[in-house]
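Q: Sending over run.cif (mmCIF, C-alpha atoms).
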data_my_file
loop_
_atom_site.label_atom_id
_atom_site.label_comp_id
_atom_site.auth_asym_id
_atom_site.auth_seq_id
_atom_site.Cartn_x
_atom_site.Cartn_y
_atom_site.Cartn_z
CA MET A 4 92.69 70.30 122.33
CA VAL A 5 93.78 73.17 124.53
CA VAL A 6 95.14 76.05 122.51
CA ASP A 7 97.80 78.13 124.14
CA PRO A 8 96.58 81.74 124.45
CA PHE A 9 99.70 83.06 122.70
CA ASP A 10 99.19 80.63 119.80
CA HIS A 11 95.61 81.71 119.48
CA ARG A 12 96.37 85.43 119.61
CA LEU A 13 99.20 85.13 117.11
CA ARG A 14 97.04 83.16 114.67
CA ARG A 15 94.37 85.78 114.94
CA ALA A 16 96.81 88.66 114.50
CA LEU A 17 98.37 87.01 111.42
CA GLN A 18 94.94 86.49 109.92
CA GLU A 19 95.04 90.15 108.92
CA GLY A 20 98.35 89.52 107.17
CA LEU A 21 101.85 90.57 108.08
CA PRO A 22 101.90 94.24 109.17
CA LEU A 23 103.47 96.35 106.41
CA VAL A 24 106.18 97.87 108.56
CA SER A 25 109.91 97.34 108.34
CA LYS A 26 110.05 95.02 111.37
CA PRO A 27 106.69 93.24 111.32
CA TYR A 28 107.60 90.42 113.71
CA ALA A 29 108.85 92.91 116.32
CA TYR A 30 105.65 94.89 115.81
CA LEU A 31 103.50 91.80 116.42
CA ALA A 32 105.67 90.80 119.39
CA GLU A 33 105.13 94.15 121.03
CA GLN A 34 101.37 93.87 120.61
CA LEU A 35 101.32 90.36 122.03
CA GLY A 36 103.77 91.01 124.85
CA VAL A 37 106.39 88.50 123.70
CA THR A 38 109.76 88.71 121.94
CA GLU A 39 110.39 88.99 118.23
CA GLN A 40 112.20 85.63 118.33
CA GLU A 41 109.19 83.96 119.93
CA VAL A 42 106.94 85.22 117.14
CA ILE A 43 109.32 83.96 114.43
CA ALA A 44 109.79 80.59 116.15
CA LYS A 45 106.03 80.15 116.52
CA ILE A 46 105.39 80.87 112.83
CA GLU A 47 108.04 78.27 111.97
CA GLU A 48 106.31 75.82 114.29
CA PHE A 49 102.87 76.48 112.73
CA THR A 50 104.38 75.85 109.30
CA GLN A 51 106.05 72.61 110.38
CA GLN A 52 102.78 71.41 111.94
CA GLY A 53 100.97 72.13 108.70
CA LEU A 54 98.64 74.61 110.37
CA ILE A 55 100.11 77.18 107.99
CA LYS A 56 100.08 75.62 104.51
CA ARG A 57 102.20 78.40 103.14
CA PHE A 58 103.31 81.83 104.27
CA GLY A 59 103.10 84.33 101.45
CA MET A 60 100.75 85.83 98.90
CA VAL A 61 97.16 84.69 99.36
CA LEU A 62 95.71 85.66 95.99
CA ARG A 63 92.33 85.97 94.37
CA HIS A 64 92.27 83.91 91.22
CA HIS A 65 89.68 85.95 89.43
CA GLU A 66 91.45 89.28 89.77
CA LEU A 67 94.62 87.68 88.39
CA GLY A 68 92.83 86.84 85.17
CA TYR A 69 92.10 83.22 86.12
CA SER A 70 88.49 83.85 85.30
CA ALA A 71 87.49 80.25 84.60
CA ASN A 72 87.11 78.02 87.60
CA CYS A 73 86.11 74.48 86.82
CA MET A 74 85.47 71.63 89.20
CA VAL A 75 86.05 68.35 87.38
CA VAL A 76 84.48 65.35 89.06
CA TRP A 77 85.44 61.77 88.19
CA ASP A 78 84.08 58.33 88.88
CA ILE A 79 87.26 56.33 89.48
CA PRO A 80 87.38 52.69 90.61
CA ASP A 81 88.43 52.65 94.28
CA MET A 82 91.49 50.53 93.52
CA GLU A 83 92.85 53.10 91.08
CA ILE A 84 92.03 56.31 92.87
CA GLU A 85 95.48 56.89 94.42
CA THR A 86 97.23 56.49 91.10
CA ILE A 87 94.84 58.66 89.14
CA ALA A 88 94.72 61.33 91.84
CA GLN A 89 98.51 61.55 91.88
CA LEU A 90 98.65 61.81 88.14
CA LEU A 91 96.08 64.63 88.12
CA SER A 92 97.78 66.44 91.00
CA ASP A 93 101.01 66.58 89.04
CA GLU A 94 99.32 68.36 86.13
CA ALA A 95 100.16 72.06 85.92
CA CYS A 96 96.54 73.19 85.53
CA VAL A 97 95.20 71.29 88.57
CA THR A 98 95.09 73.42 91.72
CA LEU A 99 93.26 71.11 94.15
CA CYS A 100 92.55 67.37 94.26
CA TYR A 101 90.31 65.58 96.76
CA GLN A 102 88.68 62.21 97.27
CA ARG A 103 85.08 62.50 98.50
CA PRO A 104 82.33 59.93 99.15
CA ARG A 105 79.91 58.77 96.47
CA ARG A 106 76.22 59.35 97.21
CA GLN A 107 72.97 58.08 95.80
CA GLY A 108 72.58 59.83 92.47
CA TRP A 109 76.17 61.08 92.70
CA PRO A 110 78.74 58.50 91.50
CA TYR A 111 81.77 60.83 91.49
CA ASN A 112 84.51 60.22 94.04
CA LEU A 113 87.45 62.31 92.83
CA PHE A 114 87.31 66.10 92.58
CA CYS A 115 89.89 68.35 91.04
CA MET A 116 89.88 72.07 90.49
CA ILE A 117 91.24 73.67 87.38
CA HIS A 118 91.79 77.41 87.25
CA GLY A 119 92.46 78.90 83.87
CA LYS A 120 92.48 82.10 81.89
CA GLY A 121 89.26 81.39 80.05
CA ARG A 122 86.85 78.53 79.60
CA ASP A 123 88.18 77.41 76.22
CA LEU A 124 91.67 77.07 77.64
CA VAL A 125 90.43 75.01 80.57
CA GLU A 126 88.50 72.69 78.25
CA GLN A 127 91.51 72.36 75.97
CA GLN A 128 93.87 71.57 78.86
CA LEU A 129 91.52 68.94 80.19
CA LYS A 130 91.10 67.35 76.78
CA GLU A 131 94.86 67.16 76.35
CA LEU A 132 95.47 65.61 79.72
CA ILE A 133 92.71 63.04 79.19
CA GLU A 134 94.26 62.02 75.88
CA ARG A 135 97.79 62.01 77.20
CA HIS A 136 96.93 59.71 80.12
CA GLN A 137 94.14 57.85 78.32
CA LEU A 138 91.66 58.53 81.08
CA SER A 139 88.47 56.84 80.01
CA TYR A 140 86.63 57.31 83.31
CA PRO A 141 83.22 59.01 83.49
CA HIS A 142 83.64 62.65 84.43
CA GLN A 143 81.82 65.97 84.33
CA LEU A 144 82.89 69.61 84.18
CA LEU A 145 81.22 72.05 86.55
CA PHE A 146 82.18 75.59 85.61
CA SER A 147 81.35 78.26 88.12
CA SER A 148 79.21 81.04 86.81
CA LYS A 149 79.03 83.16 89.92
CA ARG A 150 80.82 83.56 93.21
CA PHE A 151 78.33 84.51 95.90
CA LYS A 152 80.34 84.47 99.01
CA GLN A 153 84.05 84.19 99.51
CA ARG A 154 85.51 84.50 102.89
CA GLY A 155 89.22 83.71 103.12
CA ALA A 156 89.93 80.66 105.24
CA ARG A 157 89.47 82.16 108.68
CA TYR A 158 88.93 80.12 111.74
CA VAL A 159 89.38 82.29 114.82
CA MET B 7 109.26 93.07 78.31
CA SER B 8 106.79 95.90 78.65
CA GLU B 9 106.23 97.55 82.01
CA HIS B 10 102.51 96.84 82.01
CA ARG B 11 100.81 93.87 80.50
CA PRO B 12 97.06 93.52 80.49
CA LEU B 13 95.94 89.99 81.36
CA ARG B 14 92.29 90.08 80.41
CA GLN B 15 89.84 92.88 80.17
CA GLU B 16 88.06 92.06 83.39
CA SER B 17 91.22 91.48 85.39
CA VAL B 18 93.59 94.06 86.75
CA VAL B 19 96.76 95.28 85.07
CA LEU B 20 99.91 94.37 86.96
CA SER B 21 103.19 96.24 87.00
CA ASP B 22 106.42 94.39 86.50
CA LEU B 23 107.24 94.51 90.21
CA GLU B 24 103.75 93.36 91.17
CA ARG B 25 104.08 90.38 88.88
CA ARG B 26 107.54 89.48 90.13
CA LEU B 27 106.39 89.67 93.74
CA ILE B 28 103.38 87.46 93.02
CA ASN B 29 105.44 84.86 91.21
CA ALA B 30 108.24 84.79 93.77
CA TYR B 31 106.40 85.02 97.09
CA GLN B 32 103.39 82.70 97.11
CA GLY B 33 105.20 81.07 100.00
CA ASP B 34 108.37 81.57 101.96
CA ILE B 35 108.07 85.09 103.33
CA PRO B 36 111.50 85.42 104.99
CA LEU B 37 111.39 84.74 108.73
CA ASP B 38 113.96 87.43 109.23
CA PRO B 39 113.49 90.51 111.44
CA GLU B 40 113.31 92.63 108.27
CA PRO B 41 111.51 90.45 105.73
CA PHE B 42 110.64 93.28 103.33
CA MET B 43 114.31 94.23 103.16
CA ARG B 44 115.26 90.63 102.28
CA ILE B 45 112.56 90.53 99.59
CA ALA B 46 113.72 93.90 98.27
CA GLU B 47 117.33 92.72 98.03
CA ASN B 48 116.21 89.63 96.18
CA LEU B 49 114.20 91.65 93.66
CA GLY B 50 116.64 94.57 93.38
CA VAL B 51 114.31 97.26 94.73
CA THR B 52 113.88 99.06 98.05
CA SER B 53 112.03 97.83 101.11
CA GLU B 54 109.63 100.78 100.77
CA GLU B 55 108.82 99.81 97.20
CA VAL B 56 108.02 96.27 98.32
CA GLN B 57 105.71 97.49 101.08
CA GLN B 58 104.00 100.02 98.80
CA THR B 59 103.49 97.40 96.11
CA LEU B 60 101.94 94.98 98.59
CA ARG B 61 99.65 97.73 99.85
CA ARG B 62 98.58 98.43 96.26
CA LEU B 63 97.88 94.74 95.55
CA LEU B 64 95.76 94.57 98.70
CA ASP B 65 93.86 97.71 97.66
CA LYS B 66 93.25 96.33 94.17
CA GLY B 67 91.84 93.15 95.65
CA VAL B 68 94.35 90.92 93.86
CA LEU B 69 95.85 90.00 97.20
CA THR B 70 93.66 88.81 100.07
CA ARG B 71 96.49 88.75 102.53
CA PHE B 72 100.28 88.75 102.66
CA GLY B 73 100.73 86.18 105.38
CA PRO B 74 99.58 82.71 106.34
CA LEU B 75 97.32 80.46 104.32
CA TYR B 76 95.88 78.42 107.14
CA ASN B 77 94.91 74.81 106.80
CA ILE B 78 91.65 75.23 108.65
CA GLU B 79 91.25 71.49 108.96
CA LYS B 80 94.32 71.34 111.18
CA ALA B 81 92.44 73.55 113.58
CA ASP B 82 89.40 72.49 115.52
CA GLY B 83 86.21 72.09 113.58
CA SER B 84 84.50 70.21 110.83
CA PHE B 85 84.32 71.06 107.14
CA SER B 86 82.45 69.77 104.16
CA LEU B 87 81.68 70.59 100.55
CA CYS B 88 77.93 70.57 100.06
CA ALA B 89 75.71 70.96 97.01
CA LEU B 90 72.06 71.72 96.39
CA LYS B 91 69.93 71.07 93.34
CA VAL B 92 68.06 74.36 93.05
CA PRO B 93 65.31 75.12 90.50
CA GLU B 94 66.62 77.89 88.23
CA HIS B 95 63.80 80.33 89.03
CA ARG B 96 64.43 80.00 92.79
CA PHE B 97 68.20 80.35 92.62
CA ASP B 98 68.60 83.87 94.05
CA GLU B 99 66.08 83.26 96.81
CA VAL B 100 67.81 80.01 97.87
CA ALA B 101 71.25 81.68 97.64
CA ASP B 102 70.06 84.30 100.14
CA GLN B 103 68.75 81.59 102.45
CA VAL B 104 71.99 79.61 102.30
CA ASN B 105 74.32 82.61 102.59
CA GLY B 106 72.37 83.67 105.67
CA TYR B 107 73.95 80.81 107.61
CA ALA B 108 77.11 81.90 109.41
CA GLN B 109 78.49 78.36 108.88
CA VAL B 110 78.53 78.80 105.10
CA ALA B 111 81.95 79.85 103.83
CA HIS B 112 82.30 79.86 100.05
CA ASN B 113 79.28 79.60 97.83
CA TYR B 114 79.54 79.15 94.06
CA GLN B 115 76.95 78.76 91.36
CA ARG B 116 77.99 76.00 88.94
CA GLU B 117 76.57 75.04 85.60
CA HIS B 118 75.11 71.65 86.41
CA GLU B 119 71.88 70.23 87.79
CA TRP B 120 73.67 70.34 91.15
CA ASN B 121 74.04 74.08 90.74
CA MET B 122 74.87 75.47 94.17
CA TRP B 123 78.14 74.48 95.85
CA PHE B 124 79.22 75.74 99.24
CA VAL B 125 81.53 74.89 102.12
CA LEU B 126 80.14 74.35 105.59
CA ALA B 127 82.46 75.05 108.52
CA THR B 128 81.26 74.13 111.99
CA GLU B 129 82.55 73.31 115.47
CA ASP B 130 82.06 69.57 115.01
CA TYR B 131 80.57 67.04 112.60
CA GLN B 132 77.31 66.77 114.55
CA GLU B 133 76.66 70.48 114.07
CA LEU B 134 77.63 70.16 110.42
CA GLU B 135 75.04 67.46 109.80
CA GLN B 136 72.42 69.48 111.66
CA VAL B 137 73.08 72.61 109.62
CA PHE B 138 73.09 70.58 106.40
CA GLU B 139 69.73 68.97 107.25
CA ASP B 140 68.36 72.35 108.25
CA ILE B 141 69.43 73.91 104.93
CA LYS B 142 67.75 71.11 102.99
CA THR B 143 64.54 71.57 105.00
CA VAL B 144 64.47 75.36 104.79
CA THR B 145 65.24 75.49 101.06
CA GLY B 146 63.26 72.37 100.14
CA CYS B 147 66.10 71.37 97.79
CA PRO B 148 67.86 68.00 97.53
CA GLY B 149 71.39 68.14 98.93
CA LEU B 150 74.77 66.41 98.84
CA ASN B 151 77.13 66.43 101.81
CA LEU B 152 80.61 65.45 100.58
CA PRO B 153 83.23 65.70 103.30
CA LYS B 154 86.80 65.28 102.11
CA GLN B 155 88.25 61.79 102.57
CA THR B 156 91.74 62.35 101.18
CA GLU B 157 93.56 65.46 100.04
CA PHE B 158 96.20 64.84 97.41
CA PHE B 159 99.22 67.09 97.35
CA VAL B 160 99.18 69.74 94.66
CA GLY B 161 102.05 72.19 94.37
CA LEU B 162 101.47 75.88 93.87
CA LYS B 163 101.57 77.00 90.27
CA LEU B 164 99.71 80.24 89.73
CA GLN B 165 101.51 82.50 87.32
CA ALA B 166 100.74 86.19 87.09
#
Here is the file; what I need is its structure written in the form of structure tokens.
A:
Amino acid sequence: MVVDPFDHRLRRALQEGLPLVSKPYAYLAEQLGVTEQEVIAKIEEFTQQGLIKRFGMVLRHHELGYSANCMVVWDIPDMEIETIAQLLSDEACVTLCYQRPRRQGWPYNLFCMIHGKGRDLVEQQLKELIERHQLSYPHQLLFSSKRFKQRGARYV
Amino acid sequence: MSEHRPLRQESVVLSDLERRLINAYQGDIPLDPEPFMRIAENLGVTSEEVQQTLRRLLDKGVLTRFGPLYNIEKADGSFSLCALKVPEHRFDEVADQVNGYAQVAHNYQREHEWNMWFVLATEDYQELEQVFEDIKTVTGCPGLNLPKQTEFFVGLKLQA
């Protein structure tokens, strides 16, 4: 894939966040040697393409009081995975949901992340949702005890 | 409603405006020549107050960035969630080894026999497999390489 130099430079410039000036798009445009309208149109395009998932506050969970971060892994029959994944994704406490391959010694194929304000709350929420949907599948809770390295999603 | 409300002891205290900004603008920054003015009008404050508040949230470390959340997988490159089973007494040593790789993005300790979880980000899948094999060899720990097969849509629901 050939990336247009303007695309690349704009992505990189935006990686630092929107400049905190009254006309940030004009400011970026001047730096990149294009027009304000071109900058705005390109951000719209990135968003439509899905390259930008969302354009807003990129927050740190922990500093917001979401101190408990639990990865819940499930062993779901392949035939049911779509249905169960959708059901979990619709739950208010679930912030990410992925299907991943099983491995030898690792039978879990569905991963969801739950962020909560405390471990007890996360456990309680999970218990409630398991009861409510009668989810009898094998699962495990992997709470994080330490964050060693966190680099925002950067790719240029 | 009080002006300041502590969330938890170890987290930061947010002002009313900080909380309103966080809850209203996790997406959809206005694509208008003066976005801070549009936000200010919506929240009933001034454009300067919005900019100052964002600056403060960045300084406090609550906010990583006011801008795009990129879907890195739409860009070039390969990504995978990997895990290692590390003996407890070697954990810090192995964490240093793993974090020394430029291809390692996040790294979390989790309470499980598979106790180290990190994301590998490389140019292509071949490099990813090489780095993964190399990490297993260097650390001497068993590993799991679990690239995403499907991502299910989850809306955004964080509340400050």
Q: Find the distance between atom CA of B:Glu119 and atom CA of B:Gln103 and write it in Å to one decimal.
A: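 Atom CA of B:Glu119 sits 18.8 Å away from atom CA of B:Gln103.
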Q: Give the residues of chain A that lie within 6 Å of chain B; count only C-alpha atoms, and format the answer as a CSV table (one decimal) with C-alpha atoms, in the coordinates of the input.
A:
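Ended up saving to selection-v5.csv:
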chain,number,residue,atom,x,y,z
A,20,GLY,CA,98.4,89.5,107.2
A,21,LEU,CA,101.8,90.6,108.1
A,23,LEU,CA,103.5,96.4,106.4
A,25,SER,CA,109.9,97.3,108.3
A,26,LYS,CA,110.0,95.0,111.4
A,54,LEU,CA,98.6,74.6,110.4
A,55,ILE,CA,100.1,77.2,108.0
A,56,LYS,CA,100.1,75.6,104.5
A,57,ARG,CA,102.2,78.4,103.1
A,58,PHE,CA,103.3,81.8,104.3
A,59,GLY,CA,103.1,84.3,101.4
A,60,MET,CA,100.8,85.8,98.9
A,61,VAL,CA,97.2,84.7,99.4
A,62,LEU,CA,95.7,85.7,96.0
A,63,ARG,CA,92.3,86.0,94.4
A,66,GLU,CA,91.4,89.3,89.8
A,67,LEU,CA,94.6,87.7,88.4
A,68,GLY,CA,92.8,86.8,85.2
A,92,SER,CA,97.8,66.4,91.0
A,100,CYS,CA,92.6,67.4,94.3
A,101,TYR,CA,90.3,65.6,96.8
A,102,GLN,CA,88.7,62.2,97.3
A,103,ARG,CA,85.1,62.5,98.5
A,104,PRO,CA,82.3,59.9,99.2
A,145,LEU,CA,81.2,72.0,86.6
A,146,PHE,CA,82.2,75.6,85.6
A,147,SER,CA,81.4,78.3,88.1
A,148,SER,CA,79.2,81.0,86.8
A,149,LYS,CA,79.0,83.2,89.9
A,150,ARG,CA,80.8,83.6,93.2
A,151,PHE,CA,78.3,84.5,95.9
A,152,LYS,CA,80.3,84.5,99.0
A,153,GLN,CA,84.0,84.2,99.5
A,154,ARG,CA,85.5,84.5,102.9
Q: Excluding A:Tyr140 and any residue of its chain fewer than 6 positions from it, enumerate the residues within 8 Å of it, using all atoms listed in the file, and give them as a PyMOL selection string.
A: chain A and resi 77-79
Q: Have a look at atom CA of B:Glu94 and atom CA of A:Leu124 and let me know their distance in Å, one decimal.
A: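 Computing it gives 27.2 Å between the two atoms.
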Q: Draw an axis-aligned box over all listed atoms of stretch 115-121 of chain B, pad each side with 5 Å, and write its centre and edge lengths in Å, one decimal, as JSON.
A:
{"center_x": 74.9, "center_y": 74.5, "center_z": 88.5, "size_x": 16.1, "size_y": 18.5, "size_z": 15.8}
Q: Residues picked by the PyMOL selection byres ((chain A and resi 110) around 10) here, as a PyMOL selection string?
A: chain A and resi 76-79+104-109+111-113+141-142
Q: Interatomic distance between atom CA of B:Phe138 and atom CA of B:Arg96?
A: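 Straight-line distance from atom CA of B:Phe138 to atom CA of B:Arg96 works out to 18.7 Å.
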Q: Nearest to A:Phe49 among A:Gly119, A:Leu13, A:Asp93, A:Thr98, with distances taken over all atoms listed in the file: which residue is it?
A: A:Leu13
Q: Given the file above and the PyMOL selection byres ((chain B and resi 135-137) around 10), which residues are selected, and can you give them as a ChimeraX atom specification?
A: /B:84,86,107,109-110,126-128,130-134,138-143,151
Q: When you look at A:His136 with a cut-off of 10 Å (counting only C-alpha atoms), what residues show up, excluding the ones that are within fewer than 3 positions of it in the same chain? I need them as a list in words.
A: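 Everything that qualifies: Ile87, Leu90, Leu91, Glu131, Leu132, Ile133 and Ser139 of chain A.
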Q: So which residues are close to (89.5, 80.4, 82.0), meaning at most 6 Å away in the file's coordinates with all atoms listed in the file counted, and can you show them as a list in words?
A: Tyr69, Ser70, Ala71, Gly119, Lys120, Gly121, Arg122, Leu124 and Val125 of chain A
